[in-house]
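Chemist: You'll find data-v1.cif just under this line, and it carries mmCIF, C-alpha atoms.
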```cif
data_entry
loop_
_atom_site.group_PDB
_atom_site.id
_atom_site.type_symbol
_atom_site.label_atom_id
_atom_site.label_comp_id
_atom_site.auth_asym_id
_atom_site.auth_seq_id
_atom_site.Cartn_x
_atom_site.Cartn_y
_atom_site.Cartn_z
ATOM 1 C CA MET Y 1 141.207 47.709 80.485
ATOM 2 C CA SER Y 2 140.641 47.864 76.803
ATOM 3 C CA TRP Y 3 138.981 51.042 75.569
ATOM 4 C CA GLN Y 4 138.549 49.396 72.200
ATOM 5 C CA TRP Y 5 134.809 49.060 72.602
ATOM 6 C CA PHE Y 6 134.523 52.766 73.337
ATOM 7 C CA HIS Y 7 136.444 53.741 70.242
ATOM 8 C CA ARG Y 8 134.647 51.200 68.122
ATOM 9 C CA LEU Y 9 131.445 52.736 69.365
ATOM 10 C CA GLY Y 10 132.698 55.950 67.850
ATOM 11 C CA SER Y 11 132.903 54.464 64.380
ATOM 12 C CA PRO Y 12 129.957 55.642 62.285
ATOM 13 C CA ARG Y 13 130.203 52.645 60.029
ATOM 14 C CA TRP Y 14 130.133 50.159 62.908
ATOM 15 C CA PHE Y 15 127.133 52.009 64.374
ATOM 16 C CA TYR Y 16 125.314 51.956 61.056
ATOM 17 C CA GLU Y 17 125.895 48.267 60.444
ATOM 18 C CA LYS Y 18 124.951 47.210 63.969
ATOM 19 C CA THR Y 19 121.771 49.264 64.011
ATOM 20 C CA SER Y 20 120.745 47.839 60.644
ATOM 21 C CA VAL Y 21 120.329 44.518 62.415
ATOM 22 C CA TRP Y 22 118.599 45.735 65.554
ATOM 23 C CA LEU Y 23 116.325 48.482 64.257
ATOM 24 C CA PRO Y 24 113.467 46.310 62.908
ATOM 25 C CA TRP Y 25 113.225 44.421 66.201
ATOM 26 C CA LEU Y 26 113.362 47.549 68.317
ATOM 27 C CA THR Y 27 110.652 49.108 66.162
ATOM 28 C CA LEU Y 28 108.445 46.057 66.688
ATOM 29 C CA VAL Y 29 108.950 46.114 70.451
ATOM 30 C CA ALA Y 30 108.297 49.844 70.611
ATOM 31 C CA GLY Y 31 105.134 49.578 68.530
ATOM 32 C CA LEU Y 32 103.783 46.720 70.632
ATOM 33 C CA LEU Y 33 104.481 48.405 73.939
ATOM 34 C CA VAL Y 34 102.917 51.690 72.860
ATOM 35 C CA LEU Y 35 99.892 49.870 71.451
ATOM 36 C CA VAL Y 36 99.361 47.812 74.603
ATOM 37 C CA GLY Y 37 99.893 50.777 76.896
ATOM 38 C CA LEU Y 38 97.525 53.063 75.035
ATOM 39 C CA VAL Y 39 94.770 50.526 74.411
ATOM 40 C CA TRP Y 40 94.910 49.488 78.041
ATOM 41 C CA GLY Y 41 94.854 53.101 79.192
ATOM 42 C CA LEU Y 42 92.083 54.138 76.829
ATOM 43 C CA GLY Y 43 89.736 51.245 77.272
ATOM 44 C CA PHE Y 44 90.584 49.194 80.321
ATOM 45 C CA ALA Y 45 91.902 51.497 83.002
ATOM 46 C CA PRO Y 46 89.202 52.661 85.412
ATOM 47 C CA ILE Y 47 87.644 56.072 85.071
ATOM 48 C CA GLU Y 48 89.000 58.821 87.263
ATOM 49 C CA HIS Y 49 86.212 60.045 89.461
ATOM 50 C CA LYS Y 50 87.270 63.696 89.702
ATOM 51 C CA GLN Y 51 88.348 64.309 86.119
ATOM 52 C CA GLY Y 52 86.335 61.769 84.174
ATOM 53 C CA ASN Y 53 87.637 60.249 80.998
ATOM 54 C CA SER Y 54 89.778 63.188 79.939
ATOM 55 C CA TYR Y 55 92.495 61.918 82.302
ATOM 56 C CA ARG Y 56 93.225 59.207 79.722
ATOM 57 C CA ILE Y 57 95.354 61.798 77.951
ATOM 58 C CA ILE Y 58 97.884 61.014 80.676
ATOM 59 C CA TYR Y 59 98.933 57.876 78.810
ATOM 60 C CA ILE Y 60 100.407 60.087 76.115
ATOM 61 C CA HIS Y 61 101.177 63.258 78.049
ATOM 62 C CA VAL Y 62 103.408 61.743 80.747
ATOM 63 C CA PRO Y 63 105.552 59.482 78.505
ATOM 64 C CA VAL Y 64 106.021 62.249 75.998
ATOM 65 C CA ALA Y 65 106.949 64.779 78.685
ATOM 66 C CA PHE Y 66 109.503 62.310 80.061
ATOM 67 C CA MET Y 67 110.962 61.867 76.594
ATOM 68 C CA ALA Y 68 111.139 65.611 76.003
ATOM 69 C CA GLN Y 69 113.325 65.950 79.082
ATOM 70 C CA ALA Y 70 115.271 62.698 78.838
ATOM 71 C CA GLY Y 71 115.872 63.440 75.184
ATOM 72 C CA TYR Y 72 117.372 66.786 76.074
ATOM 73 C CA ILE Y 73 119.718 65.170 78.577
ATOM 74 C CA ILE Y 74 120.755 62.626 75.951
ATOM 75 C CA MET Y 75 121.409 65.460 73.511
ATOM 76 C CA ALA Y 76 123.463 67.403 76.053
ATOM 77 C CA ILE Y 77 125.507 64.340 77.037
ATOM 78 C CA CYS Y 78 126.253 63.628 73.385
ATOM 79 C CA GLY Y 79 127.366 67.220 73.032
ATOM 80 C CA ALA Y 80 129.683 66.818 76.008
ATOM 81 C CA ILE Y 81 131.131 63.538 74.708
ATOM 82 C CA GLY Y 82 131.708 65.151 71.329
ATOM 83 C CA LEU Y 83 133.480 68.116 72.880
ATOM 84 C CA ILE Y 84 135.617 66.060 75.264
ATOM 85 C CA TRP Y 85 136.528 63.084 73.077
ATOM 86 C CA LYS Y 86 136.061 64.727 69.692
ATOM 87 C CA MET Y 87 133.844 61.822 68.671
ATOM 88 C CA LYS Y 88 132.003 62.881 65.538
ATOM 89 C CA LEU Y 89 129.374 60.148 65.923
ATOM 90 C CA SER Y 90 128.394 61.707 69.213
ATOM 91 C CA PHE Y 91 127.720 65.004 67.465
ATOM 92 C CA MET Y 92 125.645 63.184 64.870
ATOM 93 C CA VAL Y 93 123.446 61.719 67.587
ATOM 94 C CA MET Y 94 123.205 65.119 69.222
ATOM 95 C CA LYS Y 95 122.031 66.717 66.002
ATOM 96 C CA SER Y 96 119.476 63.955 65.447
ATOM 97 C CA ALA Y 97 118.099 64.259 68.965
ATOM 98 C CA ALA Y 98 117.015 67.859 68.447
ATOM 99 C CA PRO Y 99 114.009 67.508 66.115
ATOM 100 C CA ILE Y 100 112.761 64.434 67.957
ATOM 101 C CA GLY Y 101 112.995 66.168 71.313
ATOM 102 C CA ALA Y 102 111.251 69.223 69.894
ATOM 103 C CA ALA Y 103 108.409 67.026 68.620
ATOM 104 C CA MET Y 104 108.054 65.376 72.024
ATOM 105 C CA THR Y 105 107.989 68.731 73.808
ATOM 106 C CA PHE Y 106 105.392 70.016 71.368
ATOM 107 C CA ILE Y 107 103.164 66.975 71.888
ATOM 108 C CA ALA Y 108 103.540 67.313 75.663
ATOM 109 C CA LEU Y 109 102.488 70.959 75.552
ATOM 110 C CA ILE Y 110 99.545 70.400 73.202
ATOM 111 C CA THR Y 111 98.166 67.343 74.996
ATOM 112 C CA GLY Y 112 98.616 69.121 78.297
ATOM 113 C CA TYR Y 113 96.734 72.137 77.009
ATOM 114 C CA ILE Y 114 93.917 69.978 75.623
ATOM 115 C CA TRP Y 115 93.713 68.111 78.911
ATOM 116 C CA GLY Y 116 93.595 71.401 80.783
ATOM 117 C CA VAL Y 117 90.483 72.652 79.043
ATOM 118 C CA PRO Y 118 87.940 70.269 80.594
ATOM 119 C CA THR Y 119 89.940 70.009 83.797
ATOM 120 C CA TRP Y 120 90.414 73.664 84.630
ATOM 121 C CA GLY Y 121 87.840 75.133 82.291
ATOM 122 C CA ASP Y 122 90.245 77.592 80.732
ATOM 123 C CA TRP Y 123 92.895 77.392 78.056
ATOM 124 C CA ARG Y 124 94.778 80.537 78.994
ATOM 125 C CA ILE Y 125 96.465 79.087 82.029
ATOM 126 C CA LEU Y 126 100.203 78.968 82.480
ATOM 127 C CA ASP Y 127 102.073 77.527 85.399
ATOM 128 C CA ALA Y 128 105.788 77.214 86.143
ATOM 129 C CA ARG Y 129 106.189 73.805 84.567
ATOM 130 C CA ILE Y 130 104.365 74.803 81.382
ATOM 131 C CA VAL Y 131 106.525 77.925 81.050
ATOM 132 C CA PHE Y 132 109.771 75.993 81.447
ATOM 133 C CA MET Y 133 108.596 73.341 79.002
ATOM 134 C CA MET Y 134 108.005 76.140 76.515
ATOM 135 C CA ILE Y 135 111.550 77.307 77.172
ATOM 136 C CA LEU Y 136 112.664 73.745 76.486
ATOM 137 C CA LEU Y 137 110.908 73.879 73.134
ATOM 138 C CA PHE Y 138 112.688 77.129 72.276
ATOM 139 C CA LEU Y 139 116.005 75.570 73.280
ATOM 140 C CA TYR Y 140 115.381 72.692 70.908
ATOM 141 C CA PHE Y 141 114.456 75.109 68.115
ATOM 142 C CA GLY Y 142 117.574 77.107 68.903
ATOM 143 C CA ILE Y 143 119.763 74.053 68.443
ATOM 144 C CA ILE Y 144 118.068 73.060 65.195
ATOM 145 C CA VAL Y 145 118.476 76.560 63.793
ATOM 146 C CA LEU Y 146 122.041 76.919 65.082
ATOM 147 C CA GLN Y 147 123.050 73.733 63.260
ATOM 148 C CA ALA Y 148 121.869 75.237 60.021
ATOM 149 C CA ALA Y 149 123.418 78.635 60.639
ATOM 150 C CA PHE Y 150 127.063 77.591 60.342
ATOM 151 C CA VAL Y 151 128.846 76.836 57.111
ATOM 152 C CA ASN Y 152 131.568 74.937 58.926
ATOM 153 C CA ARG Y 153 130.179 71.691 60.326
ATOM 154 C CA ASP Y 154 132.649 71.489 63.209
ATOM 155 C CA SER Y 155 131.709 74.974 64.373
ATOM 156 C CA ALA Y 156 128.046 74.060 64.138
ATOM 157 C CA ASP Y 157 128.582 70.965 66.262
ATOM 158 C CA LYS Y 158 130.576 72.788 68.892
ATOM 159 C CA ALA Y 159 128.148 75.705 69.135
ATOM 160 C CA CYS Y 160 125.162 73.385 69.464
ATOM 161 C CA ALA Y 161 126.917 71.296 72.079
ATOM 162 C CA VAL Y 162 127.606 74.411 74.140
ATOM 163 C CA LEU Y 163 124.008 75.584 73.809
ATOM 164 C CA ALA Y 164 122.693 72.140 74.717
ATOM 165 C CA LEU Y 165 124.891 71.993 77.804
ATOM 166 C CA ALA Y 166 124.069 75.537 78.872
ATOM 167 C CA GLY Y 167 120.361 74.830 78.560
ATOM 168 C CA SER Y 168 120.473 71.630 80.564
ATOM 169 C CA VAL Y 169 119.914 73.596 83.763
ATOM 170 C CA ASN Y 170 116.316 73.807 82.540
ATOM 171 C CA ILE Y 171 115.705 70.127 83.199
ATOM 172 C CA PRO Y 172 116.110 70.121 86.991
ATOM 173 C CA ILE Y 173 114.092 73.350 87.024
ATOM 174 C CA ILE Y 174 111.238 71.626 85.197
ATOM 175 C CA GLN Y 175 111.458 68.718 87.615
ATOM 176 C CA LYS Y 176 111.478 70.888 90.715
ATOM 177 C CA SER Y 177 109.044 73.528 89.462
ATOM 178 C CA VAL Y 178 106.083 71.777 91.062
ATOM 179 C CA ASP Y 179 107.802 71.911 94.433
ATOM 180 C CA TRP Y 180 109.226 75.412 94.205
ATOM 181 C CA TRP Y 181 106.204 77.265 92.862
ATOM 182 C CA TYR Y 182 102.505 77.011 93.332
ATOM 183 C CA SER Y 183 101.504 74.918 90.322
ATOM 184 C CA LEU Y 184 98.607 73.396 88.506
ATOM 185 C CA HIS Y 185 100.704 70.284 88.078
ATOM 186 C CA GLN Y 186 100.660 67.955 91.031
ATOM 187 C CA PRO Y 187 103.905 66.815 92.646
ATOM 188 C CA ALA Y 188 105.432 63.601 91.355
ATOM 189 C CA SER Y 189 103.077 60.663 91.721
ATOM 190 C CA ILE Y 190 105.473 58.037 90.521
ATOM 191 C CA LYS Y 191 108.211 57.446 93.034
ATOM 192 C CA PHE Y 192 111.108 55.075 92.775
ATOM 193 C CA SER Y 193 111.266 54.615 96.536
ATOM 194 C CA GLY Y 194 108.190 53.970 98.572
ATOM 195 C CA LYS Y 195 104.662 53.708 97.409
ATOM 196 C CA SER Y 196 103.439 55.577 94.351
ATOM 197 C CA ALA Y 197 100.444 57.808 94.830
ATOM 198 C CA ILE Y 198 98.756 56.446 91.732
ATOM 199 C CA ASP Y 199 96.578 53.342 91.706
ATOM 200 C CA PRO Y 200 98.144 50.201 90.136
ATOM 201 C CA SER Y 201 95.271 49.799 87.686
ATOM 202 C CA MET Y 202 96.257 53.167 86.234
ATOM 203 C CA LEU Y 203 99.967 52.873 86.925
ATOM 204 C CA TYR Y 204 100.674 49.701 84.945
ATOM 205 C CA PRO Y 205 99.414 50.939 81.559
ATOM 206 C CA LEU Y 206 101.221 54.209 82.246
ATOM 207 C CA LEU Y 207 104.517 52.423 82.870
ATOM 208 C CA ILE Y 208 104.088 50.294 79.762
ATOM 209 C CA SER Y 209 103.356 53.416 77.776
ATOM 210 C CA VAL Y 210 106.422 55.181 79.197
ATOM 211 C CA ILE Y 211 108.715 52.279 78.296
ATOM 212 C CA GLY Y 212 107.067 52.061 74.883
ATOM 213 C CA PHE Y 213 107.705 55.724 74.182
ATOM 214 C CA TYR Y 214 111.302 55.376 75.355
ATOM 215 C CA CYS Y 215 111.764 52.623 72.805
ATOM 216 C CA LEU Y 216 109.986 54.699 70.187
ATOM 217 C CA TYR Y 217 112.295 57.614 70.910
ATOM 218 C CA LEU Y 218 115.288 55.341 70.551
ATOM 219 C CA VAL Y 219 113.991 54.059 67.216
ATOM 220 C CA MET Y 220 113.540 57.601 65.925
ATOM 221 C CA LEU Y 221 116.967 58.610 67.218
ATOM 222 C CA LEU Y 222 118.596 55.678 65.448
ATOM 223 C CA ILE Y 223 116.752 56.401 62.199
ATOM 224 C CA TYR Y 224 117.791 60.049 62.134
ATOM 225 C CA THR Y 225 121.362 59.325 63.249
ATOM 226 C CA ARG Y 226 121.751 56.764 60.464
ATOM 227 C CA ILE Y 227 120.712 59.343 57.871
ATOM 228 C CA GLU Y 228 123.185 61.822 59.354
ATOM 229 C CA ILE Y 229 125.907 59.180 59.182
ATOM 230 C CA LEU Y 230 125.237 58.595 55.497
ATOM 231 C CA ARG Y 231 125.349 62.331 54.889
ATOM 232 C CA ARG Y 232 128.570 62.975 56.697
ATOM 233 C CA GLU Y 233 130.353 59.863 55.489
ATOM 234 C CA GLN Y 234 129.244 60.162 51.879
ATOM 235 C CA ARG Y 235 132.822 60.333 50.610
ATOM 236 C CA THR Y 236 133.736 56.955 52.088
ATOM 237 C CA GLN Y 237 133.724 53.804 50.028
ATOM 238 C CA TRP Y 238 131.271 51.917 52.217
ATOM 239 C CA VAL Y 239 128.612 54.614 51.784
ATOM 240 C CA LYS Y 240 129.225 54.752 48.048
ATOM 241 C CA ASP Y 241 128.820 50.983 47.914
ATOM 242 C CA LEU Y 242 125.606 51.267 49.898
ATOM 243 C CA VAL Y 243 124.190 53.847 47.521
ATOM 244 C CA ALA Y 244 125.154 51.734 44.523
ATOM 245 C CA GLN Y 245 123.651 48.645 46.148
ATOM 246 C CA HIS Y 246 120.432 50.479 46.793
ATOM 247 C CA TYR Y 247 119.921 51.095 43.111
ATOM 248 C CA HIS Y 248 121.223 47.888 41.662
ATOM 249 C CA LYS Y 249 119.098 45.441 43.624
ATOM 250 C CA MET F 1 90.380 43.886 84.151
ATOM 251 C CA GLN F 2 87.432 44.701 81.948
ATOM 252 C CA PHE F 3 86.488 47.064 79.187
ATOM 253 C CA GLN F 4 85.359 50.222 80.924
ATOM 254 C CA PHE F 5 82.669 51.247 78.468
ATOM 255 C CA ASP F 6 79.234 49.863 77.747
ATOM 256 C CA SER F 7 79.596 50.080 73.993
ATOM 257 C CA LEU F 8 81.937 51.286 71.283
ATOM 258 C CA MET F 9 79.783 54.394 70.956
ATOM 259 C CA ASP F 10 80.362 55.138 74.641
ATOM 260 C CA PHE F 11 84.071 54.555 74.054
ATOM 261 C CA TRP F 12 84.014 57.123 71.253
ATOM 262 C CA LEU F 13 82.006 59.657 73.290
ATOM 263 C CA MET F 14 84.013 59.172 76.495
ATOM 264 C CA ASP F 15 81.180 60.659 78.535
ATOM 265 C CA GLY F 16 81.486 63.976 76.785
ATOM 266 C CA HIS F 17 85.267 64.091 76.888
ATOM 267 C CA GLY F 18 85.605 62.459 73.487
ATOM 268 C CA PRO F 19 86.801 65.537 71.568
ATOM 269 C CA TYR F 20 89.574 66.200 74.076
ATOM 270 C CA VAL F 21 90.883 62.670 74.338
ATOM 271 C CA TRP F 22 90.690 61.856 70.643
ATOM 272 C CA SER F 23 92.115 65.146 69.413
ATOM 273 C CA ALA F 24 95.044 64.752 71.817
ATOM 274 C CA TYR F 25 95.725 61.225 70.562
ATOM 275 C CA ALA F 26 95.239 62.253 66.941
ATOM 276 C CA ILE F 27 97.678 65.172 67.155
ATOM 277 C CA THR F 28 100.215 62.881 68.768
ATOM 278 C CA PHE F 29 100.088 60.393 65.931
ATOM 279 C CA VAL F 30 100.136 63.113 63.301
ATOM 280 C CA VAL F 31 103.315 64.615 64.771
ATOM 281 C CA LEU F 32 104.941 61.187 65.096
ATOM 282 C CA GLY F 33 103.905 60.492 61.537
ATOM 283 C CA VAL F 34 105.561 63.711 60.389
ATOM 284 C CA LEU F 35 108.776 62.625 62.126
ATOM 285 C CA VAL F 36 108.773 59.252 60.401
ATOM 286 C CA ILE F 37 107.839 60.577 56.973
ATOM 287 C CA GLY F 38 110.384 63.354 57.334
ATOM 288 C CA ALA F 39 113.081 60.781 57.969
ATOM 289 C CA ARG F 40 111.988 58.658 55.002
ATOM 290 C CA MET F 41 112.032 61.658 52.683
ATOM 291 C CA GLN F 42 115.456 62.796 53.864
ATOM 292 C CA ARG F 43 116.891 59.358 53.272
ATOM 293 C CA ARG F 44 115.329 59.046 49.830
ATOM 294 C CA LEU F 45 116.500 62.502 48.762
ATOM 295 C CA PHE F 46 120.013 61.720 49.957
ATOM 296 C CA LEU F 47 120.175 58.439 48.050
ATOM 297 C CA GLN F 48 118.821 60.077 44.888
ATOM 298 C CA ARG F 49 121.311 62.929 45.033
ATOM 299 C CA GLN F 50 124.200 60.584 45.750
ATOM 300 C CA ARG F 51 123.255 58.354 42.866
ATOM 301 C CA LYS F 52 123.197 61.336 40.512
ATOM 302 C CA ALA F 53 126.526 62.566 41.798
ATOM 303 C CA LEU F 54 128.118 59.143 41.448
ATOM 304 C CA ARG F 55 126.808 58.768 37.921
ATOM 305 C CA LEU F 56 128.154 62.174 36.969
ATOM 306 C CA ALA F 57 131.524 61.236 38.458
ATOM 307 C CA GLU F 58 131.567 58.026 36.418
ATOM 308 C CA GLN F 59 130.756 59.924 33.238
ATOM 309 C CA GLN F 60 133.526 62.402 33.978
ATOM 310 C CA LEU F 61 135.998 59.547 34.343
ATOM 311 C CA LYS F 62 134.951 58.039 31.037
ATOM 312 C CA GLN F 63 135.252 61.383 29.269
ATOM 313 C CA ASN F 64 138.682 62.034 30.678
ATOM 314 C CA ARG F 65 140.091 58.801 29.316
#
```
Take the structure in this file and express it as structure tokens.
Modeler:
Amino acid sequence: MSWQWFHRLGSPRWFYEKTSVWLPWLTLVAGLLVLVGLVWGLGFAPIEHKQGNSYRIIYIHVPVAFMAQAGYIIMAICGAIGLIWKMKLSFMVMKSAAPIGAAMTFIALITGYIWGVPTWGDWRILDARIVFMMILLFLYFGIIVLQAAFVNRDSADKACAVLALAGSVNIPIIQKSVDWWYSLHQPASIKFSGKSAIDPSMLYPLLISVIGFYCLYLVMLLIYTRIEILRREQRTQWVKDLVAQHYHK
Amino acid sequence: MQFQFDSLMDFWLMDGHGPYVWSAYAITFVVLGVLVIGARMQRRLFLQRQRKALRLAEQQLKQNR
């Protein structure tokens, strides 16, 4: 079995050149999906009889919360791959995932808080899931700051990978928090086996929105990773050529 | 599937929940916008600095001849 593809995948230049082709298309798909999902959810999904129209925040809140967590797992896995196989591209992706994940977590917390005001009448409420999402945000900040704290790039990568992996226990806690503790958040409505507890007319725009935000996350991750590649590979000829090309068009 | 509101004004007001829904959506797009613009700026700054550095290196070479 040829591991060539795996090692080629580890080449920053190959990654950069391949993504140059795919990025515009992925961006288009992401934009369309998010647009369709949100417009559908805002204007065409039926009103929720208990909560009223404020529930429409769900079409942002749920996808973004998924991405905050999935993004952390992606970051941790990249850290692990970097540590095990010493693949520098993996560390570049890991570094890029941090600010995007932090943004997603922030949006999840803010939209959740805004949604909570008309729903529960009070903004000072915390439950288990909210607390652990805040911890997730601090983990992301920790990784961003830790990257900047080291002079030696290899040390920075390794330290951040360790922190990312250590913090990944937070993700199953966030997932299970609604089962373990009394929570404001309801238990999972979307199930992969059996029937979902949410009505199809609300579920379909939600799913489209989730997929759209996944694609959007991927687009952002690729954009930031590409910049990191240019930075770290700036001494190579292909990057120098690229810079020269950029100015002599 | 039909539009759930009687008019665009109703859509904007969202039965009183307008401020919550629209501020949530607005903050989302602002933060996403910051991410995108941040990336653009980083890339531009990098290219500018690299160009300067390369030019300096070229000048150095010419001087050393």
Chemist: Report the residues retrieved by the PyMOL selection byres ((chain Y) within 6 of (chain F)) from the displayed file, expressed as an mmCIF file with C-alpha atoms, keeping the file's coordinate frame.
Modeler:
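Below you can see out-v3.cif, which holds the result:
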```cif
data_model
loop_
_atom_site.group_PDB
_atom_site.id
_atom_site.type_symbol
_atom_site.label_atom_id
_atom_site.label_comp_id
_atom_site.auth_asym_id
_atom_site.auth_seq_id
_atom_site.Cartn_x
_atom_site.Cartn_y
_atom_site.Cartn_z
ATOM 1 C CA GLY Y 43 89.736 51.245 77.272
ATOM 2 C CA PHE Y 44 90.584 49.194 80.321
ATOM 3 C CA ASN Y 53 87.637 60.249 80.998
ATOM 4 C CA SER Y 54 89.778 63.188 79.939
ATOM 5 C CA ILE Y 57 95.354 61.798 77.951
ATOM 6 C CA ILE Y 107 103.164 66.975 71.888
ATOM 7 C CA THR Y 111 98.166 67.343 74.996
ATOM 8 C CA ILE Y 114 93.917 69.978 75.623
ATOM 9 C CA ILE Y 227 120.712 59.343 57.871
#
```
Chemist: Do you know which residues are at most 10 Å from Leu26 of chain Y counting all atoms listed in the file, after dropping those on the same chain fewer than 4 positions away, and could you put them as a PyMOL selection string?
Modeler: chain Y and resi 19+21-22+30-32+215-216+218-219
Chemist: Kindly save the residues from that selection, with C-alpha atoms included, as a JSON list (two decimals), in the coordinates of the input.
Modeler:
```json
[["chain", "number", "residue", "atom", "x", "y", "z"],
["Y", 19, "THR", "CA", 121.77, 49.26, 64.01],
["Y", 21, "VAL", "CA", 120.33, 44.52, 62.42],
["Y", 22, "TRP", "CA", 118.60, 45.74, 65.55],
["Y", 30, "ALA", "CA", 108.30, 49.84, 70.61],
["Y", 31, "GLY", "CA", 105.13, 49.58, 68.53],
["Y", 32, "LEU", "CA", 103.78, 46.72, 70.63],
["Y", 215, "CYS", "CA", 111.76, 52.62, 72.81],
["Y", 216, "LEU", "CA", 109.99, 54.70, 70.19],
["Y", 218, "LEU", "CA", 115.29, 55.34, 70.55],
["Y", 219, "VAL", "CA", 113.99, 54.06, 67.22]]
```
Chemist: For Asp10 of chain F, which residue out of Y:Lys50, Y:Tyr140, Y:Lys158, Y:Leu42 is the nearest one, using only C-alpha atoms?
Modeler: Y:Leu42
Chemist: Please write the residues picked by the PyMOL selection byres ((chain Y and resi 169-175) around 7) on this file as a list in words.
Modeler: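 Answer for the PyMOL selection byres ((chain Y and resi 169-175) around 7): Gln69, Arg129, Phe132, Met133, Ala166, Gly167, Ser168, Lys176 and Ser177 of chain Y.
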Chemist: For a test of reading the model, state the distance in Å between atom CA of Val34 of chain Y and atom CA of Gly116 of chain Y, rounded to one decimal.
Modeler: 23.2 Å
Chemist: What is the distance, in Å and to one decimal place, between atom CA of Ile37 of chain F and atom CA of Leu136 of chain Y?
Modeler: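 About the pair atom CA of Ile37 of chain F and atom CA of Leu136 of chain Y: they are 24.0 Å apart.
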Chemist: Applying the PyMOL selection byres ((chain Y and resi 15) around 12) to the file I just gave you, which residues come out? Please list them as a ChimeraX atom specification.
Modeler: /Y:5-14,16-23,88-90,92-93,222-223,225-230
